[in-house]
$ cat run_0.cif   # mmCIF, C-alpha atoms
data_upload
#
loop_
_atom_site.label_atom_id
_atom_site.label_comp_id
_atom_site.auth_asym_id
_atom_site.auth_seq_id
_atom_site.Cartn_x
_atom_site.Cartn_y
_atom_site.Cartn_z
CA MET A 1 -138.40 -105.51 -48.22
CA GLY A 2 -136.60 -106.67 -45.09
CA THR A 3 -136.93 -109.74 -42.90
CA GLY A 4 -135.32 -108.57 -39.68
CA ASN A 5 -133.88 -112.01 -38.94
CA THR A 6 -130.28 -112.64 -37.86
CA TYR A 7 -128.17 -115.77 -37.47
CA ARG A 8 -127.44 -116.76 -33.88
CA THR A 9 -124.15 -118.42 -34.66
CA ASP A 10 -120.50 -117.48 -35.04
CA LEU A 11 -119.70 -120.28 -37.50
CA TYR A 12 -120.53 -118.25 -40.61
CA ALA A 13 -118.04 -115.56 -39.60
CA LEU A 14 -115.42 -118.07 -38.47
CA HIS A 15 -115.56 -119.90 -41.81
CA HIS A 16 -116.03 -116.76 -43.94
CA VAL A 17 -119.46 -117.75 -45.30
CA SER A 18 -120.79 -114.58 -46.93
CA GLN A 19 -124.00 -116.14 -48.33
CA ASN A 20 -126.03 -119.26 -47.62
CA THR A 21 -129.55 -118.79 -48.96
CA LEU A 22 -130.95 -122.24 -48.16
CA VAL A 23 -133.82 -122.38 -45.63
CA THR A 24 -134.02 -119.42 -43.27
CA GLN A 25 -133.58 -116.52 -45.67
CA PRO A 26 -135.88 -117.76 -48.50
CA LYS A 27 -138.63 -118.63 -46.03
CA GLU A 28 -138.44 -115.25 -44.28
CA ILE A 29 -138.27 -113.40 -47.60
CA PHE A 30 -141.38 -115.19 -48.89
CA ILE A 31 -143.30 -114.47 -45.69
CA GLU A 32 -142.38 -110.79 -45.61
CA SER A 33 -143.01 -110.39 -49.33
CA LEU A 34 -146.56 -111.72 -48.98
CA ARG A 35 -147.22 -109.60 -45.88
CA GLU A 36 -146.19 -106.43 -47.69
CA PHE A 37 -148.26 -107.42 -50.72
CA PHE A 38 -151.50 -108.04 -48.83
CA SER A 39 -151.06 -105.05 -46.51
CA ASP A 40 -152.07 -102.89 -49.51
CA ASP A 41 -155.36 -104.76 -50.04
CA SER A 42 -158.67 -103.70 -48.50
CA TYR A 43 -160.48 -107.04 -48.41
CA TYR A 44 -157.64 -109.51 -47.69
CA HIS A 45 -155.97 -106.82 -45.58
CA TYR A 46 -152.88 -107.85 -43.63
CA VAL A 47 -152.04 -106.01 -40.39
CA TYR A 48 -148.88 -106.30 -38.25
CA ASP A 49 -149.08 -106.36 -34.47
CA GLU A 50 -146.64 -104.56 -32.16
CA TRP A 51 -144.08 -107.38 -32.51
CA GLY A 52 -144.23 -107.79 -36.28
CA PHE A 53 -146.53 -110.83 -36.23
CA PRO A 54 -150.05 -111.03 -37.71
CA LYS A 55 -152.46 -108.99 -35.61
CA THR A 56 -155.00 -111.59 -34.49
CA PRO A 57 -156.87 -110.28 -31.43
CA ASP A 58 -159.92 -111.82 -29.82
CA LEU A 59 -162.70 -110.79 -32.21
CA THR A 60 -165.52 -111.18 -29.68
CA GLY A 61 -167.77 -108.14 -30.02
CA PHE A 62 -165.99 -106.84 -33.12
CA PRO A 63 -168.17 -105.84 -36.10
CA ILE A 64 -168.05 -108.11 -39.14
CA GLU A 65 -166.35 -105.37 -41.18
CA ALA A 66 -163.45 -105.06 -38.72
CA GLY A 67 -160.16 -104.64 -40.60
CA TYR A 68 -161.71 -103.25 -43.79
CA ASN A 69 -160.97 -99.59 -43.25
CA ASP A 70 -158.83 -99.81 -40.12
CA ASP A 71 -156.01 -101.85 -38.59
CA THR A 72 -157.92 -103.38 -35.69
CA THR A 73 -157.25 -106.90 -36.99
CA THR A 74 -155.64 -108.67 -39.89
CA ARG A 75 -158.05 -110.23 -42.37
CA VAL A 76 -155.56 -112.87 -43.53
CA PHE A 77 -153.01 -114.85 -41.53
CA ILE A 78 -149.56 -115.02 -43.20
CA GLY A 79 -146.69 -116.84 -41.53
CA GLU A 80 -145.27 -120.17 -40.53
CA PRO A 81 -147.62 -122.94 -39.41
CA TYR A 82 -148.10 -123.66 -35.72
CA ARG A 83 -146.88 -120.32 -34.36
CA PHE A 84 -149.54 -120.65 -31.69
CA ASP A 85 -152.55 -122.89 -31.21
CA ILE A 86 -155.34 -120.79 -32.68
CA ILE A 87 -157.48 -121.11 -35.79
CA TYR A 88 -157.55 -118.07 -38.06
CA TYR A 89 -158.82 -118.13 -41.65
CA PRO A 90 -158.05 -117.39 -44.37
CA ALA A 91 -154.44 -118.40 -43.82
CA LEU A 92 -151.27 -118.54 -45.92
CA LEU A 93 -148.82 -120.98 -44.36
CA ILE A 94 -145.28 -120.86 -45.77
CA ARG A 95 -142.81 -123.70 -45.31
CA PRO A 96 -139.68 -125.03 -47.08
CA ALA A 97 -140.33 -128.23 -49.03
CA GLY A 98 -136.80 -129.55 -49.48
CA SER A 99 -133.64 -128.53 -51.33
CA ARG A 100 -130.62 -130.11 -52.99
CA PHE A 101 -127.08 -129.03 -53.76
CA VAL A 102 -126.36 -128.10 -57.38
CA PRO A 103 -122.71 -127.66 -58.42
CA ILE A 104 -121.94 -124.69 -60.66
CA SER A 105 -118.51 -126.11 -61.61
CA PHE A 106 -116.42 -129.21 -61.04
CA ASN A 107 -114.50 -127.65 -58.15
CA ASN A 108 -117.20 -125.29 -56.75
CA GLU A 109 -115.26 -122.29 -58.13
CA GLU A 110 -112.39 -123.09 -55.77
CA GLY A 111 -109.32 -121.10 -56.73
CA SER A 112 -111.28 -118.11 -58.05
CA VAL A 113 -110.11 -114.76 -56.78
CA GLN A 114 -112.05 -111.60 -56.09
CA TRP A 115 -110.11 -108.45 -56.91
CA THR A 116 -110.25 -104.95 -55.47
CA ALA A 117 -109.45 -101.87 -57.60
CA THR A 118 -107.21 -99.14 -56.12
CA ARG A 119 -106.89 -95.79 -57.92
CA TYR A 120 -103.43 -94.18 -58.15
CA VAL A 121 -102.77 -90.60 -59.36
CA ASP A 122 -99.22 -89.37 -60.11
CA GLY A 123 -97.93 -85.80 -60.10
CA TYR A 124 -98.73 -85.39 -63.80
CA GLY A 125 -102.42 -86.14 -63.25
CA ASN A 126 -102.25 -89.62 -64.74
CA GLU A 127 -104.66 -92.03 -63.15
CA SER A 128 -104.37 -95.79 -62.99
CA LEU A 129 -106.49 -98.52 -61.46
CA VAL A 130 -104.45 -101.29 -59.85
CA GLN A 131 -106.20 -104.59 -59.24
CA THR A 132 -105.16 -106.43 -56.07
CA PRO A 133 -106.59 -109.74 -54.80
CA SER A 134 -108.93 -109.36 -51.82
CA SER A 135 -110.37 -112.84 -51.22
CA PHE A 136 -110.40 -116.42 -52.46
CA ILE A 137 -113.83 -117.70 -53.50
CA LYS A 138 -115.71 -120.97 -53.21
CA ALA A 139 -119.35 -121.12 -54.30
CA GLY A 140 -122.25 -123.34 -55.28
CA ALA A 141 -126.04 -123.33 -55.66
CA TRP A 142 -129.15 -124.75 -54.02
CA GLU A 143 -132.35 -125.74 -55.78
CA GLY A 144 -135.55 -126.53 -53.96
CA SER A 145 -139.09 -125.41 -53.38
CA ILE A 146 -141.23 -123.45 -50.96
CA THR A 147 -144.92 -124.22 -50.51
CA ILE A 148 -147.70 -121.82 -49.58
CA ASP A 149 -150.62 -123.74 -48.09
CA ILE A 150 -153.82 -121.75 -48.56
CA GLU A 151 -156.70 -122.49 -46.17
CA ALA A 152 -160.01 -120.64 -46.28
CA LYS A 153 -163.62 -120.98 -45.19
CA SER A 154 -165.02 -120.58 -48.70
CA PRO A 155 -163.97 -121.84 -52.14
CA GLN A 156 -164.14 -118.26 -53.45
CA ALA A 157 -161.58 -117.02 -50.91
CA ARG A 158 -159.34 -120.01 -51.58
CA ASP A 159 -159.41 -119.47 -55.35
CA ASP A 160 -158.82 -115.72 -54.99
CA LEU A 161 -155.77 -116.29 -52.81
CA VAL A 162 -154.35 -118.94 -55.15
CA ASP A 163 -154.56 -116.48 -58.04
CA LEU A 164 -153.06 -113.61 -56.05
CA VAL A 165 -150.17 -115.62 -54.58
CA SER A 166 -149.27 -117.13 -57.96
CA ILE A 167 -149.19 -113.84 -59.86
CA HIS A 168 -147.35 -112.19 -56.99
CA PHE A 169 -144.32 -114.50 -57.17
CA ILE A 170 -144.13 -114.99 -60.93
CA ALA A 171 -144.79 -111.43 -62.10
CA MET A 172 -144.89 -108.76 -59.40
CA ARG A 173 -142.01 -109.57 -57.03
CA ARG A 174 -139.86 -111.92 -59.08
CA ARG A 175 -137.11 -109.36 -59.80
CA GLN A 176 -137.12 -108.13 -56.21
CA LEU A 177 -136.70 -111.68 -54.93
CA GLU A 178 -133.88 -112.22 -57.42
CA ARG A 179 -132.06 -109.17 -56.04
CA SER A 180 -132.53 -110.63 -52.56
CA GLY A 181 -130.75 -113.83 -53.60
CA VAL A 182 -133.74 -116.08 -54.38
CA PHE A 183 -134.65 -116.82 -58.01
CA VAL A 184 -138.17 -118.16 -58.65
CA LYS A 185 -137.87 -120.72 -61.45
CA GLY A 186 -141.55 -121.55 -61.65
CA VAL A 187 -144.88 -121.56 -59.83
CA SER A 188 -147.41 -124.41 -59.80
CA GLN A 189 -150.75 -124.99 -58.10
CA GLY A 190 -151.98 -128.22 -56.60
CA SER A 191 -155.43 -129.69 -56.80
CA PRO A 192 -158.03 -127.89 -54.63
CA SER A 193 -159.43 -129.93 -51.77
CA GLU A 194 -161.79 -129.64 -48.84
CA THR A 195 -161.84 -131.17 -45.39
CA ASP A 196 -164.27 -131.23 -42.48
CA ASP A 197 -163.70 -128.55 -39.86
CA ARG A 198 -166.05 -129.31 -36.99
CA ASN A 199 -169.47 -128.44 -38.39
CA ASP A 200 -168.09 -126.59 -41.38
CA LYS A 201 -165.82 -127.14 -44.38
CA LEU A 202 -162.23 -126.00 -44.83
CA PHE A 203 -161.12 -125.35 -48.41
CA LYS A 204 -157.44 -125.86 -49.21
CA CYS A 205 -154.92 -125.57 -52.03
CA THR A 206 -151.12 -125.49 -52.22
CA VAL A 207 -148.98 -123.18 -54.36
CA THR A 208 -145.43 -124.45 -54.93
CA CYS A 209 -142.57 -122.13 -55.90
CA GLU A 210 -139.48 -123.75 -57.40
CA ILE A 211 -136.47 -121.65 -56.35
CA ARG A 212 -132.73 -121.45 -56.92
CA SER A 213 -130.30 -119.79 -54.55
CA GLU A 214 -126.57 -119.78 -53.84
CA TRP A 215 -123.94 -120.20 -51.18
CA ARG A 216 -120.60 -118.41 -51.20
CA ILE A 217 -117.43 -118.48 -49.11
CA GLU A 218 -114.93 -115.61 -49.32
CA VAL A 219 -111.64 -116.20 -47.51
CA PRO A 220 -109.67 -112.94 -47.15
CA VAL A 221 -106.30 -112.97 -48.84
CA SER A 222 -104.80 -111.59 -45.62
CA ASN A 223 -105.59 -114.94 -43.97
CA VAL A 224 -103.52 -116.77 -46.57
CA VAL A 225 -101.00 -114.35 -48.09
CA ASP A 226 -98.31 -112.71 -45.94
CA MET A 227 -97.08 -110.19 -48.49
CA ILE A 228 -98.32 -108.39 -51.62
CA SER A 229 -95.99 -106.61 -54.04
CA ILE A 230 -97.40 -103.61 -55.94
CA CYS A 231 -95.59 -102.09 -58.93
CA VAL A 232 -96.80 -99.01 -60.83
CA ASP A 233 -95.28 -97.75 -64.12
CA LEU A 234 -95.56 -94.03 -64.90
CA GLY A 235 -95.87 -92.35 -68.27
CA ASN A 236 -98.24 -90.89 -70.85
CA LEU A 237 -101.44 -92.89 -70.85
CA ASP A 238 -103.15 -90.83 -73.59
CA THR A 239 -101.17 -92.53 -76.36
CA ASN A 240 -102.02 -95.93 -77.75
CA PRO A 241 -100.16 -97.92 -76.68
CA PRO A 242 -99.24 -95.91 -73.54
CA THR A 243 -95.70 -94.48 -73.48
CA LEU A 244 -93.95 -95.44 -70.27
CA ALA A 245 -91.41 -93.06 -68.78
CA PRO A 246 -87.97 -94.71 -68.57
CA ASN A 247 -86.56 -95.37 -65.12
CA MET A 248 -89.77 -94.20 -63.43
CA ARG A 249 -91.41 -96.97 -61.46
CA VAL A 250 -92.98 -97.08 -58.02
CA SER A 251 -92.65 -100.40 -56.29
CA THR A 252 -93.72 -101.25 -52.77
CA THR A 253 -94.13 -104.35 -50.66
CA VAL A 254 -96.78 -104.61 -47.96
CA GLU A 255 -96.30 -107.28 -45.33
CA LEU A 256 -99.08 -108.44 -43.08
CA ILE A 257 -97.02 -107.97 -39.92
CA GLU A 258 -96.32 -104.32 -40.81
CA ALA A 259 -99.98 -103.67 -41.54
CA LEU A 260 -100.98 -105.12 -38.17
CA ALA A 261 -98.33 -103.06 -36.38
CA GLU A 262 -99.84 -99.85 -37.76
CA LEU A 263 -103.33 -100.61 -36.43
#
$ encode --input "run_0.cif" --output "structure tokens"
Amino acid sequence: MGTGNTYRTDLYALHHVSQNTLVTQPKEIFIESLREFFSDDSYYHYVYDEWGFPKTPDLTGFPIEAGYNDDTTTRVFIGEPYRFDIIYYPALLIRPAGSRFVPISFNNEEGSVQWTATRYVDGYGNESLVQTPSSFIKAGAWEGSITIDIEAKSPQARDDLVDLVSIHFIAMRRRQLERSGVFVKGVSQGSPSETDDRNDKLFKCTVTCEIRSEWRIEVPVSNVVDMISICVDLGNLDTNPPTLAPNMRVSTTVELIEALAEL
């Protein structure tokens, strides 16, 4: 599952923000997840157009079964509201419904260090993993909700879509969303309603997904530390405790200026 969206800003890179799953990413993940889900259906069949949007051509002259066994048109609109001024039903309209900051510690994990393991092998075949600091961490969490407004021309279609969307997020794609950085805490359904739509009725219902996500800043140690000293002791590592060889130690100092000069 991919969203294909990128951030049009340099500020994340300038301030070393490695993750900020607040509005853009959860919304795009929910939209793409639903599109992939309904693209496998035959009745509520979703079809992409050439640009990755819902394929909604002018249906004048099309047979009523268009989209059942082909990709001439999508049979359900899935996306953000108000992409263009047309009316296409049934529709799943996804939008963020607010979020709030949730601390995960008193100091937002400030002062935590991420370490990188480097493997060393001596002439005797002894191997050792040396942990060196790679970045300083600062992190927190967001909690909020995303709503899926379901609009259809019949109560049967509305109820079907409410059931499908709810089971999709709570059972079928919950682990996949978690691996993408969005955890679905719960799913709830609002009260069904109906409104007048010219000479017809429009049947509506809203599914709300409570989500939790995170933000994370990783400042490279090289931006803060000018020099790192590495010391390795050699000896027999098969014994417990390991027997260190006397007067055998490898010690080195890496300075940032020297590392830049070798680039």
$ residues_around --input "run_0.cif" --residues "Tyr44 in chain A" --least-positions-apart "5" --cutoff "7 Å" --atoms "only C-alpha atoms" --output "list in words"
Phe38, Arg75 and Val76 of chain A
$ closest_residue --input "run_0.cif" --among "A:Tyr43, A:Asp149, A:Thr239, A:Pro133" --to "Gly67 in chain A" --atoms "all atoms listed in the file"
A:Tyr43
$ atom_distance --input "run_0.cif" --atom1 "CA of Asn20 in chain A" --atom2 "CA of Gly111 in chain A"
19.1 Å
$ residues_around --input "run_0.cif" --residues "Ile31 in chain A" --least-positions-apart "4" --cutoff "7 Å" --atoms "all atoms listed in the file" --output "number ranges by chain"
A: 27, 35, 78-79, 94
$ closest_atom_pairs --input "run_0.cif" --of "range 143-229 of chain A" --to "range 114-131 of chain A" --cutoff "10 Å" --atoms "all atoms listed in the file" --output "Markdown table"
| residue | atom | partner | partner_atom | distance |
| --- | --- | --- | --- | --- |
| A:Glu218 | CA | A:Gln114 | CA | 8.4 |
| A:Val219 | CA | A:Gln114 | CA | 9.7 |
| A:Pro220 | CA | A:Gln114 | CA | 9.3 |
| A:Val221 | CA | A:Gln114 | CA | 9.4 |
$ closest_residue --input "run_0.cif" --among "A:Ile137, A:Tyr89, A:Val232, A:Glu80" --to "Asn107 in chain A" --atoms "all atoms listed in the file"
A:Ile137
$ closest_residue --input "run_0.cif" --among "A:Asn199, A:His45, A:Ala157, A:Ile217" --to "Ala139 in chain A" --atoms "only C-alpha atoms"
A:Ile217
